[in-house]
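Structure below is data.csv: CSV, C-alpha atoms and all ligand atoms.
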```csv
chain,number,residue,atom,x,y,z
U,1,MET,CA,0.0,0.0,0.0
U,2,PRO,CA,1.5,3.4,-0.9
U,3,ALA,CA,2.1,5.9,1.9
U,4,ILE,CA,0.5,8.6,-0.2
U,5,SER,CA,-1.5,8.1,-3.3
U,6,PHE,CA,-2.8,10.9,-5.7
U,7,GLN,CA,-5.1,9.5,-8.4
U,8,SER,CA,-6.2,11.8,-11.2
U,9,VAL,CA,-6.4,14.8,-8.8
U,10,SER,CA,-7.7,18.1,-10.3
U,11,LYS,CA,-8.3,21.4,-8.7
U,12,ALA,CA,-9.8,24.5,-10.3
U,13,TYR,CA,-9.6,28.0,-8.8
U,14,PRO,CA,-11.4,31.2,-9.9
U,15,SER,CA,-9.4,32.7,-12.7
U,16,PRO,CA,-7.7,35.9,-11.8
U,17,ARG,CA,-7.8,37.2,-15.4
U,18,GLY,CA,-10.7,35.6,-17.3
U,19,PRO,CA,-14.3,36.8,-17.3
U,20,GLN,CA,-16.4,36.6,-14.1
U,21,GLY,CA,-17.0,33.0,-13.0
U,22,SER,CA,-14.3,31.5,-15.1
U,23,THR,CA,-11.8,29.1,-13.6
U,24,PHE,CA,-8.3,27.7,-14.3
U,25,LEU,CA,-6.8,24.4,-13.4
U,26,ALA,CA,-4.2,24.6,-10.6
U,27,LEU,CA,-3.9,20.8,-10.8
U,28,ASP,CA,-4.7,18.8,-13.9
U,29,ARG,CA,-5.3,15.0,-13.3
U,30,VAL,CA,-2.2,14.6,-11.1
U,31,SER,CA,-1.4,10.9,-10.4
U,32,LEU,CA,1.5,9.7,-8.3
U,33,ASP,CA,2.2,7.3,-5.5
U,34,VAL,CA,4.8,7.7,-2.8
U,35,GLU,CA,5.8,4.3,-1.3
U,36,GLU,CA,6.3,3.7,2.4
U,37,GLY,CA,9.8,4.6,3.5
U,38,GLU,CA,10.5,6.8,0.5
U,39,PHE,CA,12.2,10.3,0.7
U,40,PHE,CA,10.2,11.8,-2.2
U,41,GLY,CA,10.7,15.3,-3.8
U,42,LEU,CA,8.0,17.4,-5.4
U,43,LEU,CA,9.6,20.1,-7.5
U,44,GLY,CA,8.2,22.8,-9.7
U,45,PRO,CA,8.4,26.5,-10.4
U,46,ASN,CA,6.3,29.1,-8.5
U,47,GLY,CA,2.6,28.5,-9.1
U,48,ALA,CA,3.1,24.9,-10.3
U,49,GLY,CA,0.6,23.6,-7.8
U,50,LYS,CA,2.8,22.0,-5.1
U,51,THR,CA,1.2,23.7,-2.1
U,52,THR,CA,-2.3,23.1,-3.6
U,53,LEU,CA,-1.5,19.4,-3.8
U,54,ILE,CA,-0.2,19.3,-0.2
U,55,SER,CA,-3.2,21.3,1.0
U,56,ILE,CA,-5.5,18.7,-0.5
U,57,LEU,CA,-3.4,15.9,1.1
U,58,ALA,CA,-3.7,17.7,4.5
U,59,GLY,CA,-7.5,18.2,4.1
U,60,LEU,CA,-7.2,22.0,4.0
U,61,THR,CA,-8.5,22.2,0.4
U,62,ARG,CA,-10.9,19.9,-1.5
U,63,ALA,CA,-10.0,18.5,-4.9
U,64,ASN,CA,-12.7,18.9,-7.6
U,65,SER,CA,-12.0,15.4,-8.7
U,66,GLY,CA,-9.7,12.4,-8.1
U,67,THR,CA,-8.8,10.4,-5.0
U,68,VAL,CA,-6.1,11.0,-2.4
U,69,THR,CA,-5.2,8.5,0.3
U,70,VAL,CA,-2.7,8.4,3.2
U,71,LEU,CA,-1.7,4.8,4.0
U,72,GLY,CA,-5.0,3.7,2.5
U,73,HIS,CA,-7.2,6.3,4.3
U,74,ASP,CA,-9.1,8.6,2.0
U,75,VAL,CA,-8.4,12.2,3.0
U,76,GLN,CA,-12.1,13.1,2.6
U,77,LEU,CA,-14.1,10.0,3.5
U,78,ASP,CA,-11.7,9.0,6.3
U,79,TYR,CA,-10.3,12.4,7.3
U,80,ALA,CA,-9.5,11.7,10.9
U,81,GLN,CA,-7.4,8.6,10.3
U,82,ALA,CA,-5.7,10.1,7.2
U,83,ARG,CA,-4.8,13.3,9.3
U,84,ARG,CA,-3.5,11.2,12.2
U,85,LYS,CA,-1.0,9.5,9.9
U,86,LEU,CA,0.3,12.8,8.5
U,87,GLY,CA,2.7,15.4,9.9
U,88,VAL,CA,2.6,18.6,7.8
U,89,VAL,CA,5.1,21.4,8.1
U,90,PRO,CA,3.3,24.3,6.3
U,91,GLN,CA,5.1,26.9,4.2
U,92,GLU,CA,3.6,29.8,6.1
U,93,LEU,CA,4.6,30.6,9.6
U,94,VAL,CA,1.4,30.2,11.5
U,95,PHE,CA,1.5,30.1,15.3
U,96,ASP,CA,-0.4,31.0,18.4
U,97,PRO,CA,1.2,34.0,20.0
U,98,PHE,CA,-0.1,33.2,23.5
U,99,PHE,CA,1.8,30.0,24.0
U,100,ASN,CA,5.4,29.3,24.8
U,101,VAL,CA,7.2,26.6,22.8
U,102,ARG,CA,6.5,23.7,25.2
U,103,GLU,CA,2.9,24.7,25.7
U,104,ALA,CA,2.4,24.9,21.9
U,105,LEU,CA,3.8,21.4,21.6
U,106,ARG,CA,1.7,20.1,24.5
U,107,PHE,CA,-1.4,21.7,23.0
U,108,GLN,CA,-0.7,20.0,19.6
U,109,SER,CA,-0.3,16.7,21.4
U,110,GLY,CA,-3.7,17.2,23.0
U,111,TYR,CA,-5.2,17.9,19.6
U,112,PHE,CA,-4.2,14.3,18.6
U,113,GLY,CA,-5.4,12.9,22.0
U,114,ILE,CA,-1.9,12.2,23.3
U,115,ARG,CA,-1.2,12.8,27.0
U,116,ARG,CA,2.1,12.7,28.8
U,117,ASN,CA,4.1,13.3,25.7
U,118,ASP,CA,7.0,15.1,27.4
U,119,ALA,CA,9.7,12.6,26.7
U,120,TRP,CA,9.1,12.9,22.9
U,121,ILE,CA,8.6,16.6,23.1
U,122,ASP,CA,12.0,16.9,24.9
U,123,GLU,CA,13.6,14.8,22.2
U,124,LEU,CA,12.1,17.0,19.5
U,125,LEU,CA,13.3,20.2,21.2
U,126,GLU,CA,16.8,18.7,21.6
U,127,SER,CA,17.0,17.4,18.0
U,128,LEU,CA,15.8,20.7,16.6
U,129,GLY,CA,18.1,22.9,18.7
U,130,LEU,CA,15.1,24.4,20.7
U,131,THR,CA,15.8,23.2,24.2
U,132,ASP,CA,16.9,26.6,25.5
U,133,LYS,CA,13.8,28.2,23.9
U,134,ALA,CA,11.3,25.8,25.5
U,135,ASN,CA,9.9,28.5,27.8
U,136,ALA,CA,10.1,31.3,25.3
U,137,ASN,CA,6.9,32.8,24.0
U,138,MET,CA,6.3,32.2,20.3
U,139,ARG,CA,6.2,35.9,19.7
U,140,GLN,CA,9.8,36.3,20.9
U,141,LEU,CA,11.3,33.8,18.4
U,142,SER,CA,13.1,34.6,15.2
U,143,GLY,CA,11.6,33.4,11.9
U,144,GLY,CA,14.1,30.5,11.8
U,145,MET,CA,13.2,29.5,15.4
U,146,LYS,CA,9.5,29.6,14.6
U,147,ARG,CA,10.1,27.3,11.7
U,148,ARG,CA,11.8,24.8,14.0
U,149,VAL,CA,8.7,24.9,16.2
U,150,LEU,CA,6.5,24.3,13.2
U,151,VAL,CA,8.6,21.2,12.4
U,152,ALA,CA,8.3,20.0,16.0
U,153,GLN,CA,4.5,20.6,16.0
U,154,ALA,CA,4.1,18.5,12.8
U,155,LEU,CA,6.1,15.6,14.4
U,156,VAL,CA,4.5,15.7,17.9
U,157,HIS,CA,2.3,12.7,17.2
U,158,LYS,CA,5.1,10.7,15.5
U,159,PRO,CA,3.4,10.5,12.2
U,160,PRO,CA,4.5,7.8,9.8
U,161,VAL,CA,4.2,10.2,6.8
U,162,ILE,CA,6.0,13.6,7.1
U,163,VAL,CA,5.2,16.4,4.6
U,164,LEU,CA,7.5,19.4,4.4
U,165,ASP,CA,6.4,22.3,2.2
U,166,GLU,CA,9.5,24.4,1.6
U,167,PRO,CA,10.9,24.0,5.1
U,168,THR,CA,14.2,25.7,4.4
U,169,ALA,CA,12.8,28.8,2.6
U,170,GLY,CA,14.8,31.7,4.0
U,171,VAL,CA,16.5,29.8,6.9
U,172,ASP,CA,20.1,29.7,7.8
U,173,VAL,CA,22.6,27.0,7.0
U,174,GLU,CA,22.7,25.7,10.6
U,175,LEU,CA,19.0,25.1,10.7
U,176,ARG,CA,19.0,23.4,7.3
U,177,GLN,CA,21.7,21.0,8.5
U,178,THR,CA,20.0,20.3,11.8
U,179,LEU,CA,16.7,19.8,10.1
U,180,TRP,CA,18.0,17.5,7.4
U,181,GLN,CA,20.0,15.4,9.9
U,182,PHE,CA,16.8,14.9,11.9
U,183,ILE,CA,14.5,14.3,9.0
U,184,SER,CA,17.0,11.8,7.5
U,185,LYS,CA,17.2,10.0,10.8
U,186,LEU,CA,13.4,9.7,10.9
U,187,ASN,CA,13.4,8.5,7.3
U,188,LYS,CA,15.9,5.8,8.1
U,189,LEU,CA,13.6,4.7,11.0
U,190,GLY,CA,10.9,4.1,8.4
U,191,HIS,CA,9.0,7.4,8.2
U,192,THR,CA,8.0,8.4,4.7
U,193,VAL,CA,9.0,11.9,3.7
U,194,LEU,CA,7.4,14.2,1.0
U,195,LEU,CA,9.4,17.4,0.5
U,196,THR,CA,8.8,20.4,-1.7
U,197,THR,CA,11.8,22.8,-2.1
U,198,HIS,CA,13.3,25.3,-4.5
U,199,TYR,CA,16.8,24.3,-3.3
U,200,LEU,CA,17.5,21.7,-5.9
U,201,GLU,CA,20.8,20.7,-4.4
U,202,GLU,CA,18.9,19.7,-1.3
U,203,ALA,CA,16.5,17.6,-3.3
U,204,GLU,CA,19.3,16.0,-5.2
U,205,ALA,CA,21.1,15.1,-2.0
U,206,LEU,CA,18.1,13.8,-0.1
U,207,CYS,CA,15.4,12.5,-2.4
U,208,GLY,CA,15.3,9.0,-3.8
U,209,ARG,CA,12.6,9.8,-6.3
U,210,ILE,CA,11.3,13.1,-7.7
U,211,ALA,CA,8.2,14.4,-9.4
U,212,MET,CA,8.3,17.7,-11.3
U,213,LEU,CA,5.1,19.7,-11.7
U,214,LYS,CA,4.5,22.4,-14.2
U,215,SER,CA,1.2,24.3,-14.5
U,216,GLY,CA,-0.6,21.7,-12.5
U,217,ARG,CA,0.7,18.7,-14.5
U,218,VAL,CA,3.3,16.0,-13.7
U,219,VAL,CA,5.9,16.6,-16.3
U,220,ALA,CA,8.6,14.2,-15.0
U,221,LEU,CA,8.6,11.4,-12.5
U,222,ASP,CA,11.6,9.1,-11.8
U,223,SER,CA,14.3,8.2,-9.4
U,224,THR,CA,16.8,11.0,-8.8
U,225,SER,CA,19.6,9.0,-10.3
U,226,ALA,CA,17.7,8.2,-13.5
U,227,LEU,CA,16.7,11.9,-13.8
U,228,LEU,CA,20.4,12.9,-13.4
U,229,LYS,CA,21.5,10.3,-16.0
U,230,SER,CA,18.8,11.4,-18.4
U,231,GLY,CA,20.3,14.9,-18.6
U,232,THR,CA,23.2,15.8,-20.8
U,233,SER,CA,26.0,14.1,-18.8
U,234,ASN,CA,28.5,17.0,-19.0
U,235,LEU,CA,28.3,20.7,-19.7
U,236,LEU,CA,30.8,23.0,-21.2
U,237,ARG,CA,30.7,26.3,-19.3
U,238,PHE,CA,32.6,29.5,-20.0
U,239,LYS,CA,32.2,33.3,-19.9
U,240,ILE,CA,32.4,35.3,-23.2
U,241,ASP,CA,33.5,38.9,-23.8
U,242,GLY,CA,30.7,39.7,-26.3
U,243,GLU,CA,27.4,38.6,-27.8
U,244,LEU,CA,27.0,35.0,-29.0
U,245,PRO,CA,25.7,34.7,-32.6
U,246,GLN,CA,22.1,33.6,-32.8
U,247,THR,CA,22.8,30.1,-34.2
U,248,LEU,CA,25.1,29.3,-31.3
U,249,ALA,CA,22.9,31.0,-28.7
U,250,ALA,CA,20.0,28.7,-29.8
U,251,GLN,CA,22.0,25.7,-28.7
U,252,ALA,CA,23.2,27.1,-25.4
U,253,ARG,CA,21.9,28.2,-22.0
U,254,VAL,CA,23.0,31.8,-21.6
U,255,THR,CA,22.9,33.6,-18.3
U,256,GLY,CA,24.4,37.1,-18.7
U,257,ARG,CA,28.0,36.4,-19.8
U,258,VAL,CA,28.0,32.8,-18.8
U,259,VAL,CA,27.3,30.3,-21.6
U,260,GLN,CA,26.7,26.5,-21.2
U,261,PHE,CA,26.6,23.9,-24.0
U,262,PRO,CA,25.8,20.2,-23.7
U,263,ALA,CA,29.2,18.5,-23.9
U,264,GLN,CA,28.6,14.9,-24.9
U,265,ASP,CA,32.3,14.3,-26.0
U,266,ALA,CA,35.6,16.0,-26.7
U,267,GLN,CA,34.6,16.6,-30.4
U,268,ALA,CA,31.5,18.6,-29.4
U,269,ILE,CA,33.5,20.6,-26.9
U,270,GLU,CA,36.2,21.4,-29.6
U,271,GLN,CA,33.4,22.4,-32.1
U,272,TYR,CA,31.7,24.8,-29.7
U,273,LEU,CA,35.0,26.5,-28.7
U,274,ALA,CA,36.1,26.7,-32.4
U,275,ALA,CA,32.7,28.3,-33.3
U,276,VAL,CA,33.1,30.8,-30.5
U,277,ARG,CA,36.6,31.7,-31.8
U,278,GLU,CA,35.4,32.0,-35.4
U,279,ALA,CA,32.7,34.5,-34.2
U,280,GLY,CA,35.6,36.7,-32.9
U,281,LEU,CA,34.9,36.0,-29.3
U,282,THR,CA,37.1,34.8,-26.4
U,283,ALA,CA,36.0,32.0,-24.1
U,284,LEU,CA,37.1,32.8,-20.5
U,285,ASP,CA,37.2,30.6,-17.4
U,286,VAL,CA,36.4,27.4,-19.4
U,287,GLU,CA,35.3,24.4,-17.4
U,288,ILE,CA,33.5,21.1,-17.9
U,289,ARG,CA,31.1,20.0,-15.3
U,290,ARG,CA,28.6,17.3,-14.7
U,291,ALA,CA,24.9,18.2,-15.2
U,292,ASP,CA,23.1,18.5,-11.8
U,293,LEU,CA,19.4,18.4,-10.9
U,294,GLU,CA,19.1,22.1,-11.7
U,295,ASP,CA,20.1,21.4,-15.3
U,296,VAL,CA,17.7,18.6,-15.5
U,297,PHE,CA,14.9,20.7,-14.0
U,298,LEU,CA,15.5,23.5,-16.4
U,299,SER,CA,15.5,21.1,-19.3
U,300,VAL,CA,12.2,19.5,-18.2
U,301,MET,CA,10.7,23.0,-17.8
U,302,ALA,CA,12.0,24.1,-21.2
U,303,ALA,CA,10.5,20.9,-22.8
U,304,ASN,CA,7.2,21.9,-21.3
U,305,GLY,CA,6.9,25.4,-22.5
U,306,ASP,CA,9.7,27.5,-20.9
U,307,GLU,CA,12.0,28.9,-23.5
U,308,ALA,CA,14.6,29.9,-21.0
U,309,SER,CA,16.9,26.9,-21.2
U,310,SER,CA,19.0,24.6,-23.3
U,311,PRO,CA,17.4,23.0,-26.3
U,312,GLY,CA,20.3,20.6,-26.5
U,313,ALA,CA,19.7,19.2,-23.1
U,314,VAL,CA,15.9,18.9,-23.8
U,315,ALA,CA,16.6,16.9,-26.9
U,316,SER,CA,18.8,14.6,-24.9
U,317,LEU,CA,16.1,14.1,-22.2
U,318,GLN,CA,13.4,13.5,-24.8
U,319,ALA,CA,15.6,10.9,-26.6
U,320,LYS,CA,16.1,9.1,-23.3
U,321,GLY,CA,12.4,9.1,-22.5
U,322,ALA,CA,12.7,10.9,-19.1
U,323,LEU,CA,10.0,13.5,-19.9
U,324,ALA,CA,6.4,12.6,-19.3
U,325,THR,CA,4.2,13.2,-22.2
E,401,LIG,N1,-6.8,30.0,-2.8
E,401,LIG,C1,-6.5,30.3,-4.0
E,401,LIG,N2,-7.4,30.9,-4.9
E,401,LIG,C2,-7.1,31.2,-6.2
E,401,LIG,N3,-5.9,30.8,-6.8
E,401,LIG,C3,-5.1,30.1,-6.0
E,401,LIG,C4,-5.3,29.8,-4.6
E,401,LIG,N4,-4.2,29.1,-4.1
E,401,LIG,C5,-3.3,29.0,-5.1
E,401,LIG,N5,-3.8,29.6,-6.2
E,401,LIG,C6,-3.2,29.6,-7.6
E,401,LIG,O1,-3.0,28.2,-8.0
E,401,LIG,C7,-1.7,28.0,-8.6
E,401,LIG,C8,-0.9,27.0,-7.9
E,401,LIG,O2,-0.5,27.6,-6.6
E,401,LIG,P1,0.4,26.9,-5.5
E,401,LIG,O3,0.5,27.7,-4.3
E,401,LIG,O4,-0.2,25.5,-5.3
E,401,LIG,O5,1.8,26.7,-6.3
E,401,LIG,P2,3.2,26.3,-5.7
E,401,LIG,O6,3.7,25.3,-6.7
E,401,LIG,O7,3.1,25.9,-4.3
E,401,LIG,O8,4.0,27.7,-5.8
E,401,LIG,P3,5.2,28.3,-4.9
E,401,LIG,O9,6.5,27.5,-5.3
E,401,LIG,O10,5.2,29.7,-5.3
E,401,LIG,O11,4.8,28.0,-3.5
E,401,LIG,C9,-1.1,29.5,-8.7
E,401,LIG,O12,-1.5,30.0,-10.0
E,401,LIG,C10,-1.8,30.2,-7.6
E,401,LIG,O13,-1.9,31.6,-7.9
```
Go through the file and emit its structure as structure tokens.
Ligand SMILES: Nc1ncnc2c1ncn2[C@@H]1O[C@H](COP(=O)(O)OP(=O)(O)OP(=O)(O)O)[C@@H](O)[C@H]1O
Amino acid sequence: MPAISFQSVSKAYPSPRGPQGSTFLALDRVSLDVEEGEFFGLLGPNGAGKTTLISILAGLTRANSGTVTVLGHDVQLDYAQARRKLGVVPQELVFDPFFNVREALRFQSGYFGIRRNDAWIDELLESLGLTDKANANMRQLSGGMKRRVLVAQALVHKPPVIVLDEPTAGVDVELRQTLWQFISKLNKLGHTVLLTTHYLEEAEALCGRIAMLKSGRVVALDSTSALLKSGTSNLLRFKIDGELPQTLAAQARVTGRVVQFPAQDAQAIEQYLAAVREAGLTALDVEIRRADLEDVFLSVMAANGDEASSPGAVASLQAKGALAT
């Protein structure tokens, strides 16, 4: 049985631009399963529908159609059981200003009907570096500290399925490391983790499988290693001292003065460098690097209607079948 199952989930919101009463699809028949024990990444650009999907999972928003289950419990028909299996760390910093940290965690335990939870609460406080803040009022905490409390709140009932919606947005390196150490430990103990993040290096390091959403549709779904292999294996990267001719620019990803070409082999590298020389330009700081998840992500997004990235890498991904159709 999957830990989380989305089957053909669609969600329409009122359209901000169209005529009165018109809607647009924030989620368009999304289907994906997260298996028990997985560390699963849900990636996508702003507005792709990640938070909407998580809100439906957490019972905060209703889908217009489709089925969502948590360990077999339907999030609508069997809400209480589904919710009990889930620990959700929301993107927004929501907290009760009248409680101190320990009280907030005790209150949350009470919400799930758990009494005498102090041993686990102490462990959460310790693991998240909050022990010395246990008696501090929530209002007195910095943004990063509040985020730690949100993580602790989500885990207070030891949920088998942990959902983190951009937990490291705007937080410092120390918290990120503390958080990922702790979440990885829980994952090793068997907890399933679903993570959304814009930090692609974190997703690459942590997630065994990844789904990419674009405009409410799943556009890629595979193991992280297969996604990495599906991209152009190497990239030729350099800076130029002028404007790249159109024919060359069409094959490259250009960011200001930095140019990147897919570099399948030495011949391709020589050809690109020769073409740059023939155009009267000088390539500076030349390096060859392995494609990372960010390259794959940009290629997938480009293949699905974002012109901003490398056509060469897209062709490579399509040829290897990594892109959902
Ligand atoms: N309550 C709402 N009413 C109307 N439109 C909404 C509502 N919530 C989200 N949307 C729209 O639905 C789309 C998906 O939004 P969502 O927040 O799910 O995206 P996201 O992938 O989480 O984005 P981000 O990375 O910016 O957090 C966006 O176009 C957003 O403007």
Contact table segment 38-99 of chain U vs segment 287-306 of chain U, cut-off 12 Å, shortest pair per residue, all atoms listed in the file, as a Markdown table:
```
| residue | atom | partner | partner_atom | distance |
| --- | --- | --- | --- | --- |
| U:Gly41 | CA | U:Leu293 | CA | 11.6 |
| U:Leu42 | CA | U:Phe297 | CA | 11.5 |
| U:Leu43 | CA | U:Phe297 | CA | 8.4 |
| U:Gly44 | CA | U:Phe297 | CA | 8.2 |
| U:Pro45 | CA | U:Met301 | CA | 8.5 |
| U:Asn46 | CA | U:Met301 | CA | 12.0 |
| U:Ala48 | CA | U:Met301 | CA | 10.8 |
```
Output of the above residues as a PDB file, in the coordinates of the input, restricted to C-alpha atoms:
```pdb
ATOM      1  CA  GLY U  41      10.700  15.300  -3.800  1.00  0.00           C
ATOM      2  CA  LEU U  42       8.000  17.400  -5.400  1.00  0.00           C
ATOM      3  CA  LEU U  43       9.600  20.100  -7.500  1.00  0.00           C
ATOM      4  CA  GLY U  44       8.200  22.800  -9.700  1.00  0.00           C
ATOM      5  CA  PRO U  45       8.400  26.500 -10.400  1.00  0.00           C
ATOM      6  CA  ASN U  46       6.300  29.100  -8.500  1.00  0.00           C
ATOM      7  CA  ALA U  48       3.100  24.900 -10.300  1.00  0.00           C
TER       8      ALA U  48
END
```
All residues 10 Å or closer to Leu124 of chain U, all atoms listed in the file, same chain fewer than 3 positions away omitted, as a PyMOL selection string: chain U and resi 105+118-121+127-131+148-149+151-153+155-156+182
Which protein, DNA or RNA residues are at most 9 Å from (-3.1, 16.3, -4.6) in the file's coordinates when you count all atoms listed in the file, listed as a PyMOL selection string? chain U and resi 5-11+27+30-32+49-57+63+66-68
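Across the model, the gap from atom CA of Thr23 of chain U to atom CA of Ile4 of chain U is 27.4 Å.
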Nearby residues (all atoms listed in the file) at most 10 Å from Leu244 of chain U, same-chain spacing under 4 positions excluded, as a list in words: Ile240, Leu248, Ala249, Ala250, Ala252, Val254, Arg257, Val259, Ala275, Val276, Ala279, Gly280 and Leu281 of chain U
Within 10 Å of Phe39 of chain U using all atoms listed in the file, minus same-chain residues under 6 positions, as a ChimeraX atom specification: /U:162,183-184,187-188,190-195,203,206-210
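Put simply, atom CA of Pro167 of chain U is 11.3 Å away from atom O11 of ligand LIG 401 (chain E).
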Interatomic distance, atom CA of Leu86 of chain U to atom CA of Asp74 of chain U (Å, one decimal):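 Here the two named atoms are 12.2 Å from each other.
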Near-segment 261-269 of chain U list (6 Å; all atoms listed in the file; drop same-chain fewer than 2 positions) as a PyMOL selection string: chain U and resi 232+234-236+252+271-272
From the set U:Arg277, U:Glu126, U:Glu166, U:Gly21, which residue has the shortest atom-to-atom contact distance to Thr178 of chain U, counting all atoms listed in the file?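 Between U:Arg277, U:Glu126, U:Glu166, U:Gly21, the residue approaching Thr178 of chain U most closely is U:Glu126.
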Leaving out Ala82 of chain U and any residue of its chain fewer than 6 positions from it, which residues lie within 8 Å of it when counting all atoms listed in the file, given as a list in words?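 In the requested form, the answer reads Thr69, Val70, Leu71, Gly72, His73, Asp74 and Val75 of chain U.
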